[in-house]
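Here's the structure we're looking at; comments come further down.
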Amino acid sequence: MALALSVTPTSSSSCVLSRNPSPNFKTTLLNFASPRRIHAINPLHRSFQCLQSPSQHLNTSPFTTSAVTSSSSSQTTELVLQRLVKEFKSLTEPIDRLKWVLRYASLLPPMPDSSRTESNRVMGCTARVWLDAELGQDGKMRFWADSDSDVSKGMCSCLIQLLDSATPEEVMELKTEDLVELNVGLLGGERSRVNTWHNVLVSMQKKTRRLVAEKEGKAPTFETFPSLLLTSDGIEAKGSFAEAQAKYLFPEEARVQQLVKVLKEKKIGVSAHFYMDPEVQGVLTAAQKHWPHIYISDSLIMADAAVKMAKAGCQYITVLGVDFMSENVRAILDQAGFGEVGVYRMSDETIGCSLADAASAPAYLNYLEAASLSPPSLHVVYINTSLETKAFAHELVPTITCTSSNVVQTILQAFADMPELNVWYGPDTYMGANIVKLFQQMTLMTDEEIANIHPKHNLDSIRSLLPRLHYFQEGTCIVHHLFGHEVVERIKYMYCDAFLTAHLEVPGEMFSLAMEAKKRDMGVVGSTQNILDFIKKKVQEAVDRDVDDHLQFVLGTESGMVTSIVAVIRSLLNSSANSKVKVEVVFPVSSDSMSKTTSPKGPSSIKVGDAVLPIVPGVAGGEGCSIHGGCASCPYMKMNSLNSLLKVCQNLPDVENVIGGFKAERFKRQTPQGKLIADVGCEPILHMRHFQANKELPKELLDHVLSREGKR
């Protein structure tokens with residue numbers, strides 16, 4: 001039987017609850033021209049109490065006064081939190097907690113229509129949630145909220161109890177961890193609504209920072225990052241960096257047809273990495289509609305794509321990437337029996353990679369020699385290394401290649417197969433540190449949660465493997481290195497409520513930030529393909545909800561990813577008639593990251609092969625972009641120009657050896673043990689491909705590791 005509540009005032013400091021319905025109940029509840037009160041609902045005694053707040057302040061805001069408010073003192077805020085926690089913990093069944101949240105929702109009066117604006121939307125919630133705020137003359141915060149979901153409305157009601165009339169300092173001190181026991185226990189485990197606690201709190205804090213800065217007459221601590229705003233109607237670029245990215249999203253048809261014509265005539269396939277220059281990617285993306293043998297992917301897929309194109313009849317494969325990528329394509333084609341298919345790079349000069357260079361340095365050889373002295377050992381080497389490195393390493397220590405998308409599973413599988421194993425990861429230092437941090441976080445999980453990541457592991461096995469997991473300390477990617485402290489602080493301040501994407505190679509601060517977002521289903525950490533899949537999933541969900549929404553994604557990887565991301569987003573937005581969804585892709589770069597050198601007499605660009613690279617702050621030191629902003633643009637990848645691609649294609653077949661320096665030749669050099677580099681260097685790649693296909697490490701590799709142990 002439903003319980004009809006009525007409130008009968010008995011004094012200035014208390015109320016009683018009656019089971020008899022009162023026609024004046026609503027009027028009594030919403031009459032707030034009286035001293036501010038904290039309304040406490042006791043779930044065990046089904047009583048409704050009004051406790052007089054220590055403050056006698058009258059709310060003079062032009063907004064409708066909230067039905068649930070908190071005291072101005074931090075002590076009272078803490079007491080309210082303790083009471084809320086006690087209420088929720090007293091209800092052991094999820095359905096009861098859910099009903100209790102709905103009771104709180106009934107205490108929240110309608111929000112003024114003027115506040116239900118896009119700028120007041122709370123990001124990351126499945127339901128639409130609005131939040132508005134005001135900093136009063138007394139220096140206290142006022143909050144108003146609403147949602148088209150009663151569950152979300154109830155959560156907002158609880159948070160307003162805690163923070164309405166609190167000082168800005170008190171608002172900023174509250175952490176999501178303080179709310180962990182306010183577990184609503186939603187049926188069906190809808191994570192996005194459970195995350196409402198965090199998302200609304202973050203929005204409260206973001207608005208508080210802004211209002212305090214405005215009151216003090218201070219400019220924002222940070223400027224916004226450049227971004228691209230996508231709707232079903234088109235694209236809007238915000239900031240010069242974003243304008244530079246957007247410029248090539250819609251290439252001239254003549255340029256597209258020029259490329260398509262020569263690709264078709266000469267049966268040329270294109271295998272390109274996501275990090276290509278926007279001009280190149282724009283043309284390639286448009287050309288895919290006319291010629292199917294163009295693949296834009298992460299490094300894992302590039303060689304597989306080349307084999308597919310060779311099987312389809314392509315006589316040449318052009319590789320747009322750094323040199324280790326063309327080496328891998330050449331080697332895998334040879335292994336697949338397509339030695340007659342020509343492979344061409346985009347320059348007759350070295351197209352380097354800071355990670356590949358680190359793995360070729362003497363320090364890495366010393367690292368591997370130490371590994372060889374500690375059997376049983378397995379070397380897990382990042383695919384972003386040369387074939388020569390893979391070959392030399394494999395002769396020292398049994399080696400398997402990995403990518404950012406499969407490295408965690410590779411390591412876990414290796415420890416599951418050989419529990420006493422030592423794993424030596426390299427050469428990316430940031431990724432190695434992040435993997436260790438990820439496993440450390442797994443020690444806080446239950447056995448069931450760990451088993452969901454890998455079925456053969458539990459808490460004991462994760463704790464056991466950590467001391468035997470090593471990573472190289474001297475290798476970084478010059479692009480992801482730039483997602484450092486300054487960029488992280490800016491993201492925390494300006495984009496704390498946005499979706500956060502981060503490559504597994506980013507520094508620890510950025511990794512931790514993205515991992516926290518991932519826990520709330522507000523972020524992703526992984527490979528370029530993982531990032532693309534995450535964005536696609538979130539946009540698809542928003543389109544399916546068919547409501548006006550604004551999604552914001554911070555792109556924590558190389559800016560060349562934007563072309564593929566934009567293509568996916570536009571396809572999803574255009575798939576729904578009259579889509580109301582807006583999607584913003586944010587580039588965490590400084591506004592002057594592509595500025596000219598500070599020397600007024602210096603050149604504005606330099607020529608590297610056929611590519612013209614802008615001179616930017618830090619380029620002399622090899623960073624390729626502003627170390628203060630982290631422009632996330634790889635100068636090596638930018639050597640793959642459209643002019644170079646056309647030059648290679650137009651000169652094929654290369655009868656007169658005009659582009660001989662562009663050809664990716666087979667490795668004819670030998671390893672220290674007298675074997676061909678091409679053969680030995682392929683083995684770690686083939687081990688990875690076996691693992692990808694069969695979800696288990698090849699027996700040949702396991703035997704290799706264990707045979708080394710027997711030679712101690």
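Following the order of the structure tokens, first chain is A, next is B, and so on, with residues numbered from 1 inside each chain and ligands from 1 in the order they appear.
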Task: Shell around Lys264 of chain A at 12 Å using only C-alpha atoms, local window under 5 positions removed, as a ChimeraX atom specification - done: /A:257-259,269-270,287-288,290-294,313-316,649-650
Quick one: write out the picked residues with all heavy atoms as a short mmCIF file (atom, residue, chain, number, x, y, z; two decimals), in the first residue's frame?
data_model
loop_
_atom_site.label_atom_id
_atom_site.label_comp_id
_atom_site.auth_asym_id
_atom_site.auth_seq_id
_atom_site.Cartn_x
_atom_site.Cartn_y
_atom_site.Cartn_z
N GLN A 257 40.86 12.28 -57.59
CA GLN A 257 40.80 11.52 -58.84
C GLN A 257 42.18 11.30 -59.44
O GLN A 257 42.43 10.26 -60.06
CB GLN A 257 39.89 12.24 -59.84
CG GLN A 257 38.41 12.20 -59.46
CD GLN A 257 37.89 10.79 -59.29
OE1 GLN A 257 38.28 9.86 -60.01
NE2 GLN A 257 36.98 10.60 -58.32
N GLN A 258 43.07 12.27 -59.24
CA GLN A 258 44.45 12.12 -59.72
C GLN A 258 45.11 10.90 -59.08
O GLN A 258 45.78 10.11 -59.75
CB GLN A 258 45.25 13.38 -59.41
CG GLN A 258 46.70 13.32 -59.89
CD GLN A 258 47.51 14.53 -59.44
OE1 GLN A 258 47.10 15.28 -58.54
NE2 GLN A 258 48.66 14.75 -60.07
N LEU A 259 44.90 10.74 -57.78
CA LEU A 259 45.48 9.60 -57.07
C LEU A 259 44.78 8.30 -57.45
O LEU A 259 45.44 7.28 -57.73
CB LEU A 259 45.39 9.82 -55.56
CG LEU A 259 45.90 8.68 -54.69
CD1 LEU A 259 47.39 8.43 -54.93
CD2 LEU A 259 45.64 8.95 -53.21
N GLY A 269 48.36 -0.76 -53.93
CA GLY A 269 47.66 -0.70 -52.65
C GLY A 269 48.33 0.31 -51.73
O GLY A 269 49.53 0.58 -51.85
N VAL A 270 47.57 0.85 -50.80
CA VAL A 270 48.09 1.84 -49.85
C VAL A 270 47.83 1.35 -48.43
O VAL A 270 46.68 1.07 -48.07
CB VAL A 270 47.43 3.22 -50.05
CG1 VAL A 270 47.97 4.22 -49.03
CG2 VAL A 270 47.65 3.73 -51.47
N ALA A 287 39.45 8.84 -51.41
CA ALA A 287 39.80 7.90 -52.49
C ALA A 287 39.31 6.48 -52.20
O ALA A 287 39.09 5.69 -53.13
CB ALA A 287 41.31 7.89 -52.69
N GLN A 288 39.11 6.15 -50.91
CA GLN A 288 38.63 4.81 -50.56
C GLN A 288 37.28 4.49 -51.20
O GLN A 288 36.97 3.32 -51.43
CB GLN A 288 38.50 4.69 -49.03
CG GLN A 288 39.83 4.53 -48.30
CD GLN A 288 39.65 4.51 -46.79
OE1 GLN A 288 38.86 5.27 -46.24
NE2 GLN A 288 40.37 3.63 -46.12
N HIS A 290 36.49 5.07 -54.15
CA HIS A 290 36.69 4.71 -55.57
C HIS A 290 37.68 3.56 -55.76
O HIS A 290 37.72 2.96 -56.83
CB HIS A 290 37.20 5.94 -56.33
CG HIS A 290 36.38 7.18 -56.13
ND1 HIS A 290 35.14 7.36 -56.72
CD2 HIS A 290 36.61 8.29 -55.38
CE1 HIS A 290 34.65 8.53 -56.35
NE2 HIS A 290 35.51 9.11 -55.55
N TRP A 291 38.49 3.28 -54.75
CA TRP A 291 39.51 2.23 -54.86
C TRP A 291 39.59 1.51 -53.51
O TRP A 291 39.98 2.10 -52.50
CB TRP A 291 40.85 2.84 -55.23
CG TRP A 291 42.01 1.88 -55.38
CD1 TRP A 291 43.16 1.88 -54.65
CD2 TRP A 291 42.14 0.82 -56.33
NE1 TRP A 291 44.01 0.88 -55.07
CE2 TRP A 291 43.41 0.20 -56.11
CE3 TRP A 291 41.32 0.30 -57.33
CZ2 TRP A 291 43.85 -0.88 -56.86
CZ3 TRP A 291 41.77 -0.78 -58.08
CH2 TRP A 291 43.02 -1.35 -57.85
N PRO A 292 39.20 0.24 -53.45
CA PRO A 292 39.07 -0.45 -52.16
C PRO A 292 40.38 -0.79 -51.48
O PRO A 292 40.40 -1.14 -50.30
CB PRO A 292 38.30 -1.72 -52.52
CG PRO A 292 38.67 -1.99 -53.95
CD PRO A 292 38.80 -0.63 -54.57
N HIS A 293 41.49 -0.71 -52.20
CA HIS A 293 42.77 -1.17 -51.66
C HIS A 293 43.54 -0.03 -50.99
O HIS A 293 44.72 0.20 -51.27
CB HIS A 293 43.58 -1.84 -52.77
CG HIS A 293 42.83 -2.93 -53.47
ND1 HIS A 293 42.26 -3.99 -52.80
CD2 HIS A 293 42.52 -3.10 -54.79
CE1 HIS A 293 41.65 -4.79 -53.66
NE2 HIS A 293 41.78 -4.26 -54.87
N ILE A 294 42.85 0.67 -50.10
CA ILE A 294 43.45 1.72 -49.28
C ILE A 294 43.05 1.45 -47.84
O ILE A 294 41.87 1.40 -47.51
CB ILE A 294 42.97 3.13 -49.70
CG1 ILE A 294 43.36 3.42 -51.14
CG2 ILE A 294 43.54 4.20 -48.76
CD1 ILE A 294 42.79 4.74 -51.67
N GLY A 313 45.40 -8.93 -55.78
CA GLY A 313 46.01 -8.64 -57.08
C GLY A 313 46.86 -7.38 -57.15
O GLY A 313 47.35 -7.03 -58.23
N CYS A 314 47.04 -6.68 -56.04
CA CYS A 314 47.90 -5.48 -56.07
C CYS A 314 49.35 -5.90 -56.32
O CYS A 314 49.86 -6.84 -55.69
CB CYS A 314 47.80 -4.72 -54.75
SG CYS A 314 46.23 -3.86 -54.53
N GLN A 315 50.01 -5.19 -57.23
CA GLN A 315 51.38 -5.52 -57.58
C GLN A 315 52.40 -4.72 -56.76
O GLN A 315 53.57 -5.09 -56.67
CB GLN A 315 51.61 -5.26 -59.07
CG GLN A 315 50.75 -6.14 -59.96
CD GLN A 315 50.96 -5.85 -61.44
OE1 GLN A 315 51.81 -5.05 -61.81
NE2 GLN A 315 50.16 -6.51 -62.29
N TYR A 316 51.93 -3.63 -56.16
CA TYR A 316 52.80 -2.79 -55.34
C TYR A 316 52.03 -2.37 -54.08
O TYR A 316 50.81 -2.18 -54.11
CB TYR A 316 53.23 -1.53 -56.08
CG TYR A 316 53.85 -1.78 -57.44
CD1 TYR A 316 53.08 -1.67 -58.60
CD2 TYR A 316 55.19 -2.14 -57.57
CE1 TYR A 316 53.62 -1.91 -59.85
CE2 TYR A 316 55.75 -2.38 -58.81
CZ TYR A 316 54.96 -2.27 -59.95
OH TYR A 316 55.51 -2.50 -61.18
N CYS A 649 53.97 6.53 -57.02
CA CYS A 649 52.99 5.85 -57.88
C CYS A 649 53.24 6.12 -59.36
O CYS A 649 53.17 5.20 -60.20
CB CYS A 649 51.58 6.28 -57.51
SG CYS A 649 51.05 5.74 -55.87
N GLN A 650 53.55 7.35 -59.69
CA GLN A 650 53.73 7.72 -61.10
C GLN A 650 54.99 7.12 -61.70
O GLN A 650 55.09 6.97 -62.92
CB GLN A 650 53.75 9.25 -61.22
CG GLN A 650 52.37 9.88 -60.97
CD GLN A 650 52.43 11.38 -60.75
OE1 GLN A 650 53.51 11.96 -60.63
NE2 GLN A 650 51.26 12.01 -60.67
#
Open item on the list: What parts of segment 135-379 of chain A does DSSP call alpha helix (DSSP H)? I'd like the answer as an NGL selection string.
Closed with: :A and (150-163 or 168-173 or 191-194 or 196-215 or 240-246 or 253-266 or 278-287 or 299-311 or 323-335 or 354-359 or 362-372)
Open item on the list: Taking 4 positions as the minimum chain separation for residues in the same chain, which residues sit within 9 Å of segment 324-334 of chain A when counting only C-alpha atoms? Answer as a ChimeraX atom specification.
Closed with: /A:271,273,299,302-307,310,317-320,338-345,351-353,356,383-387,664-667,678-679,681-682,685-686
- [ ] Point out the residue among A:Leu465, A:Tyr493, A:Tyr295, A:Asp357 with the least atom-to-atom distance to Lys206 of chain A, counting only C-alpha atoms.
- [x]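 Closest to Lys206 of chain A of all the choices is A:Tyr493.
For Ser106 of chain A, the set of protein, DNA and RNA residues having any atom at most 10 Å away, when counting only C-alpha atoms and skipping those fewer than 5 positions along the same chain, is Ala67, Val101, Asp150, Lys153, Gly154 and Ser157 of chain A.
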With C-alpha atoms retained, write the just-selected residues as a compact mmCIF listing (two decimals), in the first residue's frame.
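Printed below is part.txt as written:
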# COMPACT_ATOMS: atom_id res chain seq x y z
CA ALA A 67 13.95 22.07 -1.46
CA VAL A 101 16.62 7.98 -4.43
CA ASP A 150 13.93 10.69 -11.63
CA LYS A 153 17.20 13.92 -10.18
CA GLY A 154 17.36 12.11 -6.85
CA SER A 157 19.01 16.24 -4.78
Open item on the list: Restricting the calculation to only C-alpha atoms: of A:Pro427, A:Pro168, A:Gly239, A:Gly321, which residue gets closest to Phe587 of chain A?
Closed with: A:Gly239
Task: Non-local contacts of Phe439 of chain A (12 Å; only C-alpha atoms; under 5 positions in same chain excluded) as a PyMOL selection string - done: chain A and resi 408-409+411-412+432-434+444-445+450+453-454+457-469
Task: Surrounding residues of Asp548 of chain A excluding itself and chain neighbours under 5 positions, 9 Å, only C-alpha atoms, as a list in words - done: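 Returned residues: Glu118, Arg128, Ala542, Val543, Ser579, Lys580, Val581 and Lys582 of chain A.
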- [ ] Write out as a list of chain:residue names the residues lying within 6 Å of segment 85-87 of chain A, counting only C-alpha atoms and excluding same-chain residues fewer than 3 positions away.
- [x]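 What passes the distance filter is A:Gln82, A:Ser90, A:Leu182.
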Since we have the selection now, will you write its residues out, keeping N, CA, C and O atoms, as a JSON list (two decimals), in the first residue's frame?
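Here's the written file out06.json:
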[["chain", "number", "residue", "atom", "x", "y", "z"],
["A", 82, "GLN", "N", 27.46, 12.04, 6.39],
["A", 82, "GLN", "CA", 27.37, 10.87, 7.26],
["A", 82, "GLN", "C", 25.94, 10.35, 7.33],
["A", 82, "GLN", "O", 25.70, 9.14, 7.34],
["A", 90, "SER", "N", 21.66, 1.52, 5.37],
["A", 90, "SER", "CA", 20.60, 0.83, 6.09],
["A", 90, "SER", "C", 19.67, 0.06, 5.16],
["A", 90, "SER", "O", 18.91, -0.80, 5.59],
["A", 182, "LEU", "N", 27.47, 5.84, -1.29],
["A", 182, "LEU", "CA", 26.12, 6.19, -1.75],
["A", 182, "LEU", "C", 25.83, 5.40, -3.03],
["A", 182, "LEU", "O", 25.58, 5.95, -4.09]]
Open item on the list: Please compute the atom CA of Lys289 of chain A-atom CA of Ala577 of chain A distance, one decimal, in Å.
Closed with: 22.5 Å
Task: Nearest residue to Lys638 of chain A from the set A:Tyr275, A:Phe534, A:Tyr382, A:Phe392 (distances using only C-alpha atoms) - done: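 Ranking A:Tyr275, A:Phe534, A:Tyr382, A:Phe392 by distance to Lys638 of chain A, first place goes to A:Tyr275.
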TODO: If you run DSSP over the backbone, which residues in segment 171-397 of chain A end up strand (DSSP E or B)? Put them as a PyMOL selection string.
DONE: chain A and resi 227-231+234-238+268-273+294-297+316-320+342-344+377-382
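Taking atom CA of Arg545 of chain A and atom CA of Ser149 of chain A as the two end points, the separation is 13.2 Å.
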